[in-house]
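Below is upload-v3.txt, which holds compact mmCIF, C-alpha atoms.
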```txt
# COMPACT_ATOMS: atom_id res chain seq x y z
CA MET A 4 11.59 -46.24 -53.37
CA LYS A 5 13.01 -44.36 -50.40
CA TYR A 6 15.89 -46.84 -50.24
CA ILE A 7 16.63 -46.52 -53.96
CA TYR A 8 17.05 -42.73 -53.71
CA GLN A 9 19.14 -43.05 -50.54
CA ALA A 10 21.36 -45.69 -52.15
CA ALA A 11 21.84 -43.42 -55.17
CA VAL A 12 23.07 -40.55 -52.98
CA ILE A 13 25.44 -42.84 -51.04
CA LEU A 14 26.82 -44.46 -54.20
CA LEU A 15 27.28 -41.03 -55.80
CA PHE A 16 29.46 -39.88 -52.89
CA THR A 17 31.38 -43.17 -52.95
CA PHE A 18 32.01 -42.63 -56.66
CA LEU A 19 33.15 -39.03 -56.05
CA GLY A 20 35.51 -40.42 -53.41
CA GLU A 21 36.96 -42.86 -55.94
CA ALA A 22 37.33 -40.07 -58.48
CA LEU A 23 39.18 -37.90 -55.93
CA ALA A 24 41.43 -40.80 -54.92
CA ALA A 25 42.34 -41.26 -58.59
CA LEU A 26 42.96 -37.53 -59.11
CA ILE A 27 44.89 -36.67 -55.96
CA PRO A 28 48.38 -38.23 -55.91
CA LEU A 29 48.31 -39.13 -52.19
CA GLU A 30 47.94 -42.64 -50.79
CA ILE A 31 44.51 -41.85 -49.30
CA PRO A 32 41.81 -44.52 -49.82
CA ALA A 33 38.64 -43.71 -51.76
CA ALA A 34 36.53 -44.47 -48.67
CA ILE A 35 38.23 -41.60 -46.78
CA TRP A 36 37.63 -39.06 -49.56
CA GLY A 37 34.00 -40.21 -49.92
CA LEU A 38 33.53 -39.99 -46.16
CA ILE A 39 35.00 -36.47 -46.02
CA LEU A 40 32.90 -35.31 -49.00
CA LEU A 41 29.68 -36.73 -47.52
CA PHE A 42 30.52 -35.18 -44.14
CA LEU A 43 31.06 -31.75 -45.75
CA ALA A 44 27.83 -32.13 -47.75
CA LEU A 45 25.98 -32.81 -44.47
CA CYS A 46 27.65 -29.83 -42.74
CA PHE A 47 26.77 -27.45 -45.58
CA LYS A 48 23.22 -28.87 -45.78
CA ILE A 49 23.70 -30.02 -49.38
CA VAL A 50 22.51 -33.45 -48.18
CA LYS A 51 20.13 -33.84 -45.23
CA VAL A 52 20.65 -36.72 -42.79
CA GLU A 53 17.09 -37.93 -43.48
CA GLN A 54 18.00 -38.35 -47.16
CA ILE A 55 20.55 -41.09 -46.41
CA LYS A 56 19.81 -42.22 -42.87
CA ASP A 57 17.89 -45.50 -43.45
CA CYS A 58 20.10 -46.94 -46.16
CA GLY A 59 23.26 -45.62 -44.48
CA GLY A 60 22.27 -47.08 -41.13
CA TRP A 61 21.70 -50.45 -42.77
CA LEU A 62 25.10 -50.37 -44.49
CA ILE A 63 26.87 -49.49 -41.22
CA ALA A 64 24.99 -52.27 -39.42
CA ILE A 65 26.17 -54.92 -41.91
CA LEU A 66 29.82 -53.73 -41.90
CA PRO A 67 30.99 -56.47 -39.48
CA ILE A 68 29.58 -59.15 -41.84
CA LEU A 69 31.57 -57.62 -44.69
CA PHE A 70 34.79 -58.19 -42.67
CA VAL A 71 34.37 -61.99 -42.81
CA ALA A 72 35.44 -62.54 -46.44
CA PRO A 73 38.68 -60.49 -46.14
CA THR A 74 39.56 -62.42 -42.96
CA VAL A 75 39.09 -65.74 -44.80
CA ASN A 76 42.09 -64.62 -46.95
CA LEU A 77 44.18 -65.80 -44.04
CA LEU A 78 43.80 -69.25 -45.59
CA ASP A 79 46.36 -68.20 -48.24
CA GLN A 80 48.69 -66.18 -45.99
CA ALA A 81 48.72 -68.51 -43.00
CA GLY A 82 52.39 -69.38 -43.67
CA VAL A 83 53.56 -65.75 -43.58
CA LEU A 84 51.59 -65.13 -40.42
CA ALA A 85 52.77 -68.33 -38.72
CA ALA A 86 56.41 -67.33 -39.34
CA SER A 87 56.04 -64.18 -37.24
CA LEU A 88 53.13 -65.18 -35.04
CA PRO A 89 54.73 -64.42 -31.63
CA ALA A 90 55.76 -60.93 -32.81
CA PHE A 91 52.31 -60.43 -34.35
CA ILE A 92 50.55 -61.30 -31.10
CA VAL A 93 52.85 -59.12 -28.94
CA ILE A 94 52.49 -56.14 -31.31
CA VAL A 95 48.69 -56.42 -31.51
CA VAL A 96 48.19 -56.85 -27.77
CA VAL A 97 50.75 -54.28 -26.55
CA SER A 98 49.87 -51.55 -29.04
CA THR A 99 46.11 -52.01 -28.55
CA PHE A 100 46.43 -51.63 -24.77
CA VAL A 101 48.81 -48.64 -25.08
CA VAL A 102 46.52 -46.85 -27.56
CA PHE A 103 43.49 -47.61 -25.39
CA ALA A 104 45.22 -46.13 -22.32
CA VAL A 105 46.53 -43.01 -24.11
CA ALA A 106 43.27 -42.14 -25.89
CA GLY A 107 41.24 -42.78 -22.73
CA TRP A 108 43.51 -40.96 -20.28
CA VAL A 109 44.08 -37.89 -22.48
CA THR A 110 40.34 -37.51 -23.16
CA GLN A 111 39.48 -38.00 -19.48
CA LEU A 112 42.16 -35.56 -18.30
CA LEU A 113 41.13 -32.82 -20.74
CA GLY A 114 37.44 -33.35 -19.91
CA ARG A 115 38.09 -32.97 -16.16
CA TRP A 116 40.47 -30.05 -16.66
CA LYS A 117 37.78 -28.23 -18.65
CA GLU A 118 35.16 -28.87 -15.96
CA ASP A 119 37.51 -27.68 -13.21
CA GLY A 120 38.25 -24.51 -15.15
CA LYS A 121 34.64 -23.37 -14.93
CA MET B 17 30.09 -80.39 -57.52
CA THR B 18 33.26 -78.55 -56.43
CA GLU B 19 33.38 -76.88 -59.82
CA PHE B 20 29.75 -75.76 -59.62
CA LEU B 21 30.08 -74.46 -56.05
CA SER B 22 33.40 -72.73 -56.86
CA GLY B 23 31.62 -70.73 -59.56
CA SER B 24 28.55 -69.75 -57.57
CA SER B 25 28.29 -66.28 -56.03
CA LEU B 26 24.94 -67.20 -54.54
CA PHE B 27 26.45 -70.17 -52.72
CA ALA B 28 29.33 -68.09 -51.32
CA ILE B 29 27.10 -65.23 -50.17
CA ALA B 30 24.33 -67.44 -48.79
CA LEU B 31 26.94 -69.54 -46.95
CA THR B 32 28.54 -66.41 -45.44
CA LEU B 33 25.23 -64.88 -44.32
CA LEU B 34 23.94 -68.17 -42.92
CA VAL B 35 27.18 -68.88 -41.04
CA TRP B 36 27.07 -65.32 -39.67
CA ARG B 37 23.49 -65.86 -38.48
CA LEU B 38 24.45 -69.10 -36.69
CA ALA B 39 27.60 -67.54 -35.21
CA SER B 40 25.62 -64.56 -33.83
CA ALA B 41 23.04 -66.93 -32.33
CA LEU B 42 25.83 -69.00 -30.78
CA GLN B 43 27.44 -65.92 -29.25
CA LYS B 44 24.10 -64.78 -27.78
CA LYS B 45 23.60 -68.18 -26.23
CA VAL B 46 27.11 -68.76 -24.87
CA LYS B 47 27.71 -65.06 -24.01
CA SER B 48 31.48 -65.47 -24.35
CA PRO B 49 33.07 -62.44 -26.00
CA ILE B 50 35.88 -64.64 -27.37
CA LEU B 51 33.33 -66.30 -29.63
CA HIS B 52 33.05 -63.17 -31.75
CA PRO B 53 30.88 -63.85 -34.84
CA ILE B 54 33.72 -62.72 -37.15
CA LEU B 55 36.07 -65.34 -35.65
CA ILE B 56 33.55 -68.19 -35.68
CA SER B 57 32.30 -67.31 -39.17
CA THR B 58 35.84 -67.13 -40.56
CA ALA B 59 36.79 -70.46 -39.01
CA ALA B 60 33.57 -72.11 -40.23
CA ILE B 61 33.94 -70.78 -43.78
CA ILE B 62 37.61 -71.83 -43.97
CA ALA B 63 36.50 -75.31 -42.86
CA VAL B 64 33.76 -75.45 -45.52
CA LEU B 65 36.15 -74.26 -48.25
CA LEU B 66 38.71 -76.91 -47.26
CA VAL B 67 36.15 -79.72 -47.08
CA LEU B 68 34.49 -78.82 -50.40
CA LYS B 69 37.92 -78.06 -51.96
CA ILE B 70 36.81 -74.58 -53.06
CA PRO B 71 39.88 -72.35 -53.66
CA ASN B 72 39.94 -69.16 -51.57
CA ALA B 73 40.45 -67.08 -54.74
CA ALA B 74 37.13 -68.43 -56.08
CA TYR B 75 35.37 -67.70 -52.79
CA GLN B 76 36.72 -64.12 -52.76
CA ALA B 77 35.67 -63.56 -56.39
CA ASN B 78 32.20 -64.93 -55.62
CA MET B 79 31.88 -62.64 -52.59
CA LYS B 80 32.51 -59.50 -54.71
CA PRO B 81 28.80 -58.56 -55.02
CA LEU B 82 28.64 -58.36 -51.20
CA SER B 83 32.22 -57.17 -50.50
CA PHE B 84 31.54 -54.31 -52.93
CA LEU B 85 29.42 -52.70 -50.19
CA MET B 86 32.48 -52.16 -47.96
CA THR B 87 33.48 -48.78 -49.44
CA PRO B 88 29.93 -47.27 -49.53
CA ALA B 89 29.36 -48.56 -45.97
CA THR B 90 32.57 -46.86 -44.80
CA VAL B 91 31.57 -43.64 -46.57
CA CYS B 92 28.33 -43.79 -44.55
CA LEU B 93 30.36 -43.45 -41.34
CA ALA B 94 30.08 -39.73 -42.20
CA ILE B 95 26.50 -39.95 -40.83
CA PRO B 96 27.41 -40.84 -37.20
CA LEU B 97 30.39 -38.48 -37.48
CA TYR B 98 28.06 -35.59 -38.41
CA GLU B 99 25.34 -36.49 -35.91
CA GLN B 100 27.68 -37.12 -32.98
CA MET B 101 29.59 -33.91 -33.63
CA GLN B 102 26.34 -31.98 -33.08
CA VAL B 103 25.57 -33.90 -29.89
CA LEU B 104 29.12 -33.85 -28.50
CA ARG B 105 30.05 -30.32 -29.53
CA ARG B 106 31.18 -29.30 -26.03
CA LYS B 107 33.26 -32.44 -25.55
CA LEU B 108 34.77 -32.25 -29.03
CA PRO B 109 38.14 -30.62 -28.22
CA ALA B 110 38.93 -33.23 -25.53
CA ILE B 111 37.88 -36.10 -27.84
CA LEU B 112 39.85 -34.75 -30.82
CA VAL B 113 43.06 -34.36 -28.80
CA GLY B 114 42.57 -37.77 -27.13
CA VAL B 115 42.01 -39.54 -30.45
CA ALA B 116 44.93 -37.73 -32.10
CA CYS B 117 47.30 -38.70 -29.25
CA GLY B 118 46.05 -42.29 -29.41
CA THR B 119 46.53 -42.46 -33.18
CA VAL B 120 50.07 -41.05 -33.14
CA VAL B 121 51.02 -43.37 -30.26
CA SER B 122 49.56 -46.33 -32.20
CA LEU B 123 51.77 -45.60 -35.22
CA LEU B 124 54.87 -44.99 -33.06
CA CYS B 125 54.25 -48.09 -30.96
CA VAL B 126 53.70 -50.42 -33.95
CA THR B 127 56.72 -49.01 -35.83
CA GLY B 128 58.90 -49.34 -32.72
CA LEU B 129 57.82 -52.90 -31.96
CA CYS B 130 58.26 -53.95 -35.60
CA LEU B 131 61.83 -52.59 -35.54
CA LEU B 132 62.43 -54.42 -32.26
CA PHE B 133 61.26 -57.72 -33.78
CA LYS B 134 63.17 -56.95 -37.01
CA LEU B 135 60.07 -57.56 -39.15
CA ASP B 136 59.98 -57.04 -42.92
CA PRO B 137 58.84 -53.59 -44.09
CA SER B 138 55.90 -55.34 -45.84
CA MET B 139 54.86 -56.81 -42.48
CA THR B 140 55.28 -53.46 -40.70
CA VAL B 141 53.10 -51.65 -43.20
CA SER B 142 50.49 -54.41 -42.88
CA LEU B 143 50.38 -53.88 -39.11
CA LEU B 144 50.46 -50.06 -39.02
CA PRO B 145 46.74 -49.45 -39.67
CA LYS B 146 45.68 -52.13 -37.17
CA SER B 147 43.54 -49.79 -35.09
CA VAL B 148 41.41 -48.41 -37.95
CA THR B 149 38.46 -49.99 -39.70
CA THR B 150 39.06 -52.47 -42.56
CA ALA B 151 37.85 -50.35 -45.49
CA ILE B 152 40.27 -47.61 -44.44
CA GLY B 153 43.17 -49.72 -43.13
CA VAL B 154 43.44 -52.31 -45.91
CA PRO B 155 43.71 -49.89 -48.86
CA ILE B 156 46.29 -47.79 -46.94
CA SER B 157 48.44 -50.82 -46.29
CA GLU B 158 48.01 -52.17 -49.85
CA SER B 159 48.99 -48.87 -51.45
CA LEU B 160 52.24 -48.92 -49.46
CA GLY B 161 53.13 -52.51 -50.30
CA GLY B 162 51.55 -54.35 -47.35
CA MET B 163 49.82 -57.74 -47.40
CA SER B 164 46.07 -57.23 -47.25
CA SER B 165 45.23 -60.49 -45.49
CA ILE B 166 47.77 -59.77 -42.74
CA ALA B 167 46.40 -56.23 -42.45
CA VAL B 168 42.85 -57.60 -42.14
CA THR B 169 43.90 -60.15 -39.55
CA ALA B 170 45.68 -57.48 -37.50
CA ILE B 171 42.68 -55.15 -37.78
CA ILE B 172 40.11 -57.79 -36.87
CA SER B 173 42.16 -59.23 -33.98
CA THR B 174 42.72 -55.72 -32.63
CA GLY B 175 38.98 -55.00 -32.88
CA ILE B 176 38.02 -58.24 -31.15
CA LEU B 177 40.70 -57.77 -28.48
CA GLY B 178 39.40 -54.26 -27.74
CA ASN B 179 35.82 -55.54 -27.76
CA ILE B 180 36.61 -58.32 -25.28
CA THR B 181 38.94 -56.43 -22.92
CA GLY B 182 37.40 -52.92 -23.15
CA SER B 183 35.40 -52.95 -19.91
CA PHE B 184 38.26 -54.59 -18.01
CA LEU B 185 40.80 -52.05 -19.35
CA CYS B 186 38.54 -49.15 -18.37
CA ARG B 187 38.42 -50.55 -14.84
CA ILE B 188 42.13 -51.19 -14.31
CA LEU B 189 43.22 -48.00 -16.10
CA LYS B 190 40.65 -45.98 -14.11
CA ILE B 191 39.01 -44.58 -17.23
CA GLU B 192 35.65 -43.74 -15.64
CA ASP B 193 34.40 -40.85 -17.78
CA PRO B 194 31.94 -42.27 -20.37
CA VAL B 195 33.31 -39.87 -23.01
CA ALA B 196 36.88 -41.09 -22.38
CA GLN B 197 35.72 -44.74 -22.44
CA GLY B 198 34.14 -44.19 -25.86
CA ALA B 199 37.25 -42.40 -27.19
CA ALA B 200 39.48 -45.27 -26.02
CA MET B 201 37.22 -47.94 -27.58
CA GLY B 202 36.83 -46.16 -30.92
CA THR B 203 40.49 -45.17 -31.28
CA ALA B 204 41.90 -48.55 -30.27
CA ALA B 205 39.31 -50.97 -31.64
CA HIS B 206 37.33 -49.22 -34.44
CA VAL B 207 33.94 -50.65 -35.54
CA ILE B 208 34.24 -53.89 -33.55
CA GLY B 209 35.10 -51.98 -30.36
CA THR B 210 32.18 -49.63 -31.03
CA THR B 211 29.73 -52.56 -30.89
CA ARG B 212 30.91 -53.14 -27.32
CA ALA B 213 30.91 -49.39 -26.54
CA ASN B 214 27.24 -49.27 -27.56
CA GLU B 215 26.51 -51.95 -24.94
CA MET B 216 28.42 -49.97 -22.30
CA GLY B 217 26.17 -46.96 -22.80
CA SER B 218 24.81 -44.55 -25.39
CA VAL B 219 27.46 -41.89 -24.64
CA GLN B 220 30.25 -44.46 -25.01
CA GLY B 221 28.73 -45.68 -28.30
CA ALA B 222 28.35 -42.17 -29.70
CA VAL B 223 31.89 -41.10 -28.79
CA SER B 224 33.31 -44.40 -30.05
CA SER B 225 31.66 -44.07 -33.47
CA LEU B 226 32.95 -40.49 -33.72
CA SER B 227 36.45 -41.50 -32.58
CA LEU B 228 36.83 -44.40 -34.99
CA VAL B 229 36.18 -42.12 -37.95
CA ILE B 230 38.57 -39.41 -36.74
CA ALA B 231 41.23 -42.06 -36.04
CA GLY B 232 40.69 -43.49 -39.54
CA ILE B 233 41.08 -40.13 -41.26
CA LEU B 234 44.16 -39.20 -39.19
CA THR B 235 45.78 -42.59 -39.83
CA ALA B 236 45.22 -42.26 -43.58
CA PHE B 237 47.00 -38.91 -43.62
CA LEU B 238 49.75 -39.81 -41.11
CA ILE B 239 50.92 -43.25 -42.31
CA PRO B 240 52.51 -41.94 -45.55
CA LEU B 241 54.63 -39.67 -43.29
CA PHE B 242 55.72 -42.62 -41.18
CA PHE B 243 56.59 -44.82 -44.08
```

Represent the structure contained in this file as structure tokens.
Amino acid sequence: MKYIYQAAVILLFTFLGEALAALIPLEIPAAIWGLILLFLALCFKIVKVEQIKDCGGWLIAILPILFVAPTVNLLDQAGVLAASLPAFIVIVVVSTFVVFAVAGWVTQLLGRWKEDGK
Amino acid sequence: MTEFLSGSSLFAIALTLLVWRLASALQKKVKSPILHPILISTAAIIAVLLVLKIPNAAYQANMKPLSFLMTPATVCLAIPLYEQMQVLRRKLPAILVGVACGTVVSLLCVTGLCLLFKLDPSMTVSLLPKSVTTAIGVPISESLGGMSSIAVTAIISTGILGNITGSFLCRILKIEDPVAQGAAMGTAAHVIGTTRANEMGSVQGAVSSLSLVIAGILTAFLIPLFF
């Protein structure tokens, strides 16, 4: 029964996210609105973590499995991808490494700077 | 036979879960990060679909009852976001600035490289959200005229690349602070990178799960400005 109630809360926030996405004329996905609403509800203690933790943890744990079906779509788009495969690979590799370096360095620098300032 | 299997949700879902189970077991045994379960499962399922002559459209339709969970599961990322914010309160400013810089650089870098390679706008917009998780990245790219399967492929390959090379990158880039390691993993390689960050340490995992959500939200609000 615990899971049923938790699922209801999570689905309610997902639905509210979809409603917001339909109402607000910005290209923001429903998942983002739902996530922001649930986060605010947690911050303002409207929802307690214990009320969604078990079901939510399970959903987050299975996320990688849910990525399989969308990736299988490649079967239909293989031609488009093959046409620009070298560019695709360069862009993915270069930008991933650059983002990794920037996010890591900036966070590390600010963390050290803060410690030194004390 | 093909007709029956093409119409069965239970077959599609059971096949996917079973293949995933075998792929995870294989990865545990071989311990090669390249054999990521998403890659092996995708390859195995494509092979099964081709052999049994099941059209991909039928497989996707049959997977709906499971794929439906993607949005609620992404909404649930609010839970680690909330919990980690409490834990990491003192480190929050550094993480927020680090993730924001990473996200902006990601969009600039992808846009620049796409211009360099003279790619179609539809390809560019499919690649832009490559560093954020699927349930956030795919709808962004779709709403702006991108191709969802290309977006997914870019997102998943980015995640796996970050997962595989994360520890190595931290070493050669001299990112030694566990908080910074987590921020780099989460910003660059979303959920798939976070799996690896969790293995690197609990601080890395916590920061990574916080960073991937912040990067996702920022990307959703920034991409319309870029495009």

What does the distance between CA of Ala39 (chain B) and CA of Leu51 (chain B) come to in Å, to one decimal place? 8.1 Å

Using only C-alpha atoms, the best pick from B:Ala94, B:Ala167, B:Val223, B:Val141 as closest to chain A would be B:Ala94

Please identify all polymer residues within 9 Å of Ile172 (chain B), counting all atoms listed in the file, omitting same-chain residues fewer than 2 positions from it, and present them as a PDB file with C-alpha atoms, in the coordinates of the input.
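Listed below is the output, around.pdb:
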```pdb
ATOM      1  CA  PHE A  70      34.790 -58.190 -42.670  1.00  0.00           C
ATOM      2  CA  THR A  74      39.560 -62.420 -42.960  1.00  0.00           C
TER       3      THR A  74
ATOM      4  CA  ILE B  54      33.720 -62.720 -37.150  1.00  0.00           C
ATOM      5  CA  LEU B  55      36.070 -65.340 -35.650  1.00  0.00           C
ATOM      6  CA  LYS B 146      45.680 -52.130 -37.170  1.00  0.00           C
ATOM      7  CA  SER B 147      43.540 -49.790 -35.090  1.00  0.00           C
ATOM      8  CA  THR B 149      38.460 -49.990 -39.700  1.00  0.00           C
ATOM      9  CA  THR B 150      39.060 -52.470 -42.560  1.00  0.00           C
ATOM     10  CA  ALA B 167      46.400 -56.230 -42.450  1.00  0.00           C
ATOM     11  CA  VAL B 168      42.850 -57.600 -42.140  1.00  0.00           C
ATOM     12  CA  THR B 169      43.900 -60.150 -39.550  1.00  0.00           C
ATOM     13  CA  ALA B 170      45.680 -57.480 -37.500  1.00  0.00           C
ATOM     14  CA  THR B 174      42.720 -55.720 -32.630  1.00  0.00           C
ATOM     15  CA  GLY B 175      38.980 -55.000 -32.880  1.00  0.00           C
ATOM     16  CA  ILE B 176      38.020 -58.240 -31.150  1.00  0.00           C
ATOM     17  CA  LEU B 177      40.700 -57.770 -28.480  1.00  0.00           C
ATOM     18  CA  ALA B 205      39.310 -50.970 -31.640  1.00  0.00           C
ATOM     19  CA  ILE B 208      34.240 -53.890 -33.550  1.00  0.00           C
TER      20      ILE B 208
END
```

Near Val35 (chain B), within 9 Å and counting only C-alpha atoms, which residues show up once chain neighbours fewer than 4 positions away are dropped, as a PyMOL selection string? chain B and resi 30-31+39-40+53+56-58+60-61

Same residues, C-alpha atoms, saved as an mmCIF file, in the coordinates of the input:
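So the final result, stored in out-v1.cif, reads:
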```
data_model
loop_
_atom_site.group_PDB
_atom_site.id
_atom_site.type_symbol
_atom_site.label_atom_id
_atom_site.label_comp_id
_atom_site.auth_asym_id
_atom_site.auth_seq_id
_atom_site.Cartn_x
_atom_site.Cartn_y
_atom_site.Cartn_z
ATOM 1 C CA ALA B 30 24.330 -67.440 -48.790
ATOM 2 C CA LEU B 31 26.940 -69.540 -46.950
ATOM 3 C CA ALA B 39 27.600 -67.540 -35.210
ATOM 4 C CA SER B 40 25.620 -64.560 -33.830
ATOM 5 C CA PRO B 53 30.880 -63.850 -34.840
ATOM 6 C CA ILE B 56 33.550 -68.190 -35.680
ATOM 7 C CA SER B 57 32.300 -67.310 -39.170
ATOM 8 C CA THR B 58 35.840 -67.130 -40.560
ATOM 9 C CA ALA B 60 33.570 -72.110 -40.230
ATOM 10 C CA ILE B 61 33.940 -70.780 -43.780
#
```

May I have the residues of chain A within 6 Å of chain B, counting all atoms listed in the file, written as a list in words? Thr17, Ile31, Pro32, Ala34, Gly37, Leu38, Phe42, Gly59, Leu62, Ile63, Leu69, Val71, Thr74, Val75, Asn76, Leu77, Ser98, Thr99, Val102, Phe103, Val105, Ala106, Gly107, Val109, Thr110, Gln111, Leu113 and Gly114 of chain A

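Between Val148 (chain B) and the candidates B:Thr210, B:Thr18, B:Asn78, B:Gln100, the tightest atom-to-atom separation, counting only C-alpha atoms, involves B:Thr210.
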
Exercise: region 5-14 of chain A partners within 6 Å, all atoms listed in the file, chain neighbours under 4 positions left out, as a ChimeraX atom specification: /A:54-55,58

For Leu40 (chain A), list every protein, DNA or RNA residue within 8 Å, evaluated using all atoms listed in the file, and leave out those in the same chain fewer than 5 positions away; present the list as a compact mmCIF listing (two decimals) with C-alpha atoms, in the coordinates of the input.
```txt
# COMPACT_ATOMS: atom_id res chain seq x y z
CA PHE A 16 29.46 -39.88 -52.89
CA LEU A 19 33.15 -39.03 -56.05
CA GLY A 20 35.51 -40.42 -53.41
```

Suppose you want the space between CA of Leu226 (chain B) and CA of His206 (chain B); what is it in Å?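 Separation between CA of Leu226 (chain B) and CA of His206 (chain B): 9.8 Å.
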
Just need the box for region 96-113 of chain A, edges along x, y and z, holding every atom the file lists for it with 5 Å tacked onto each side, so centre and edge lengths in Å to one decimal, as lines of an AutoDock Vina configuration file.
```
center_x = 45.1
center_y = -44.8
center_z = -23.7
size_x = 21.3
size_y = 34.0
size_z = 20.7
```
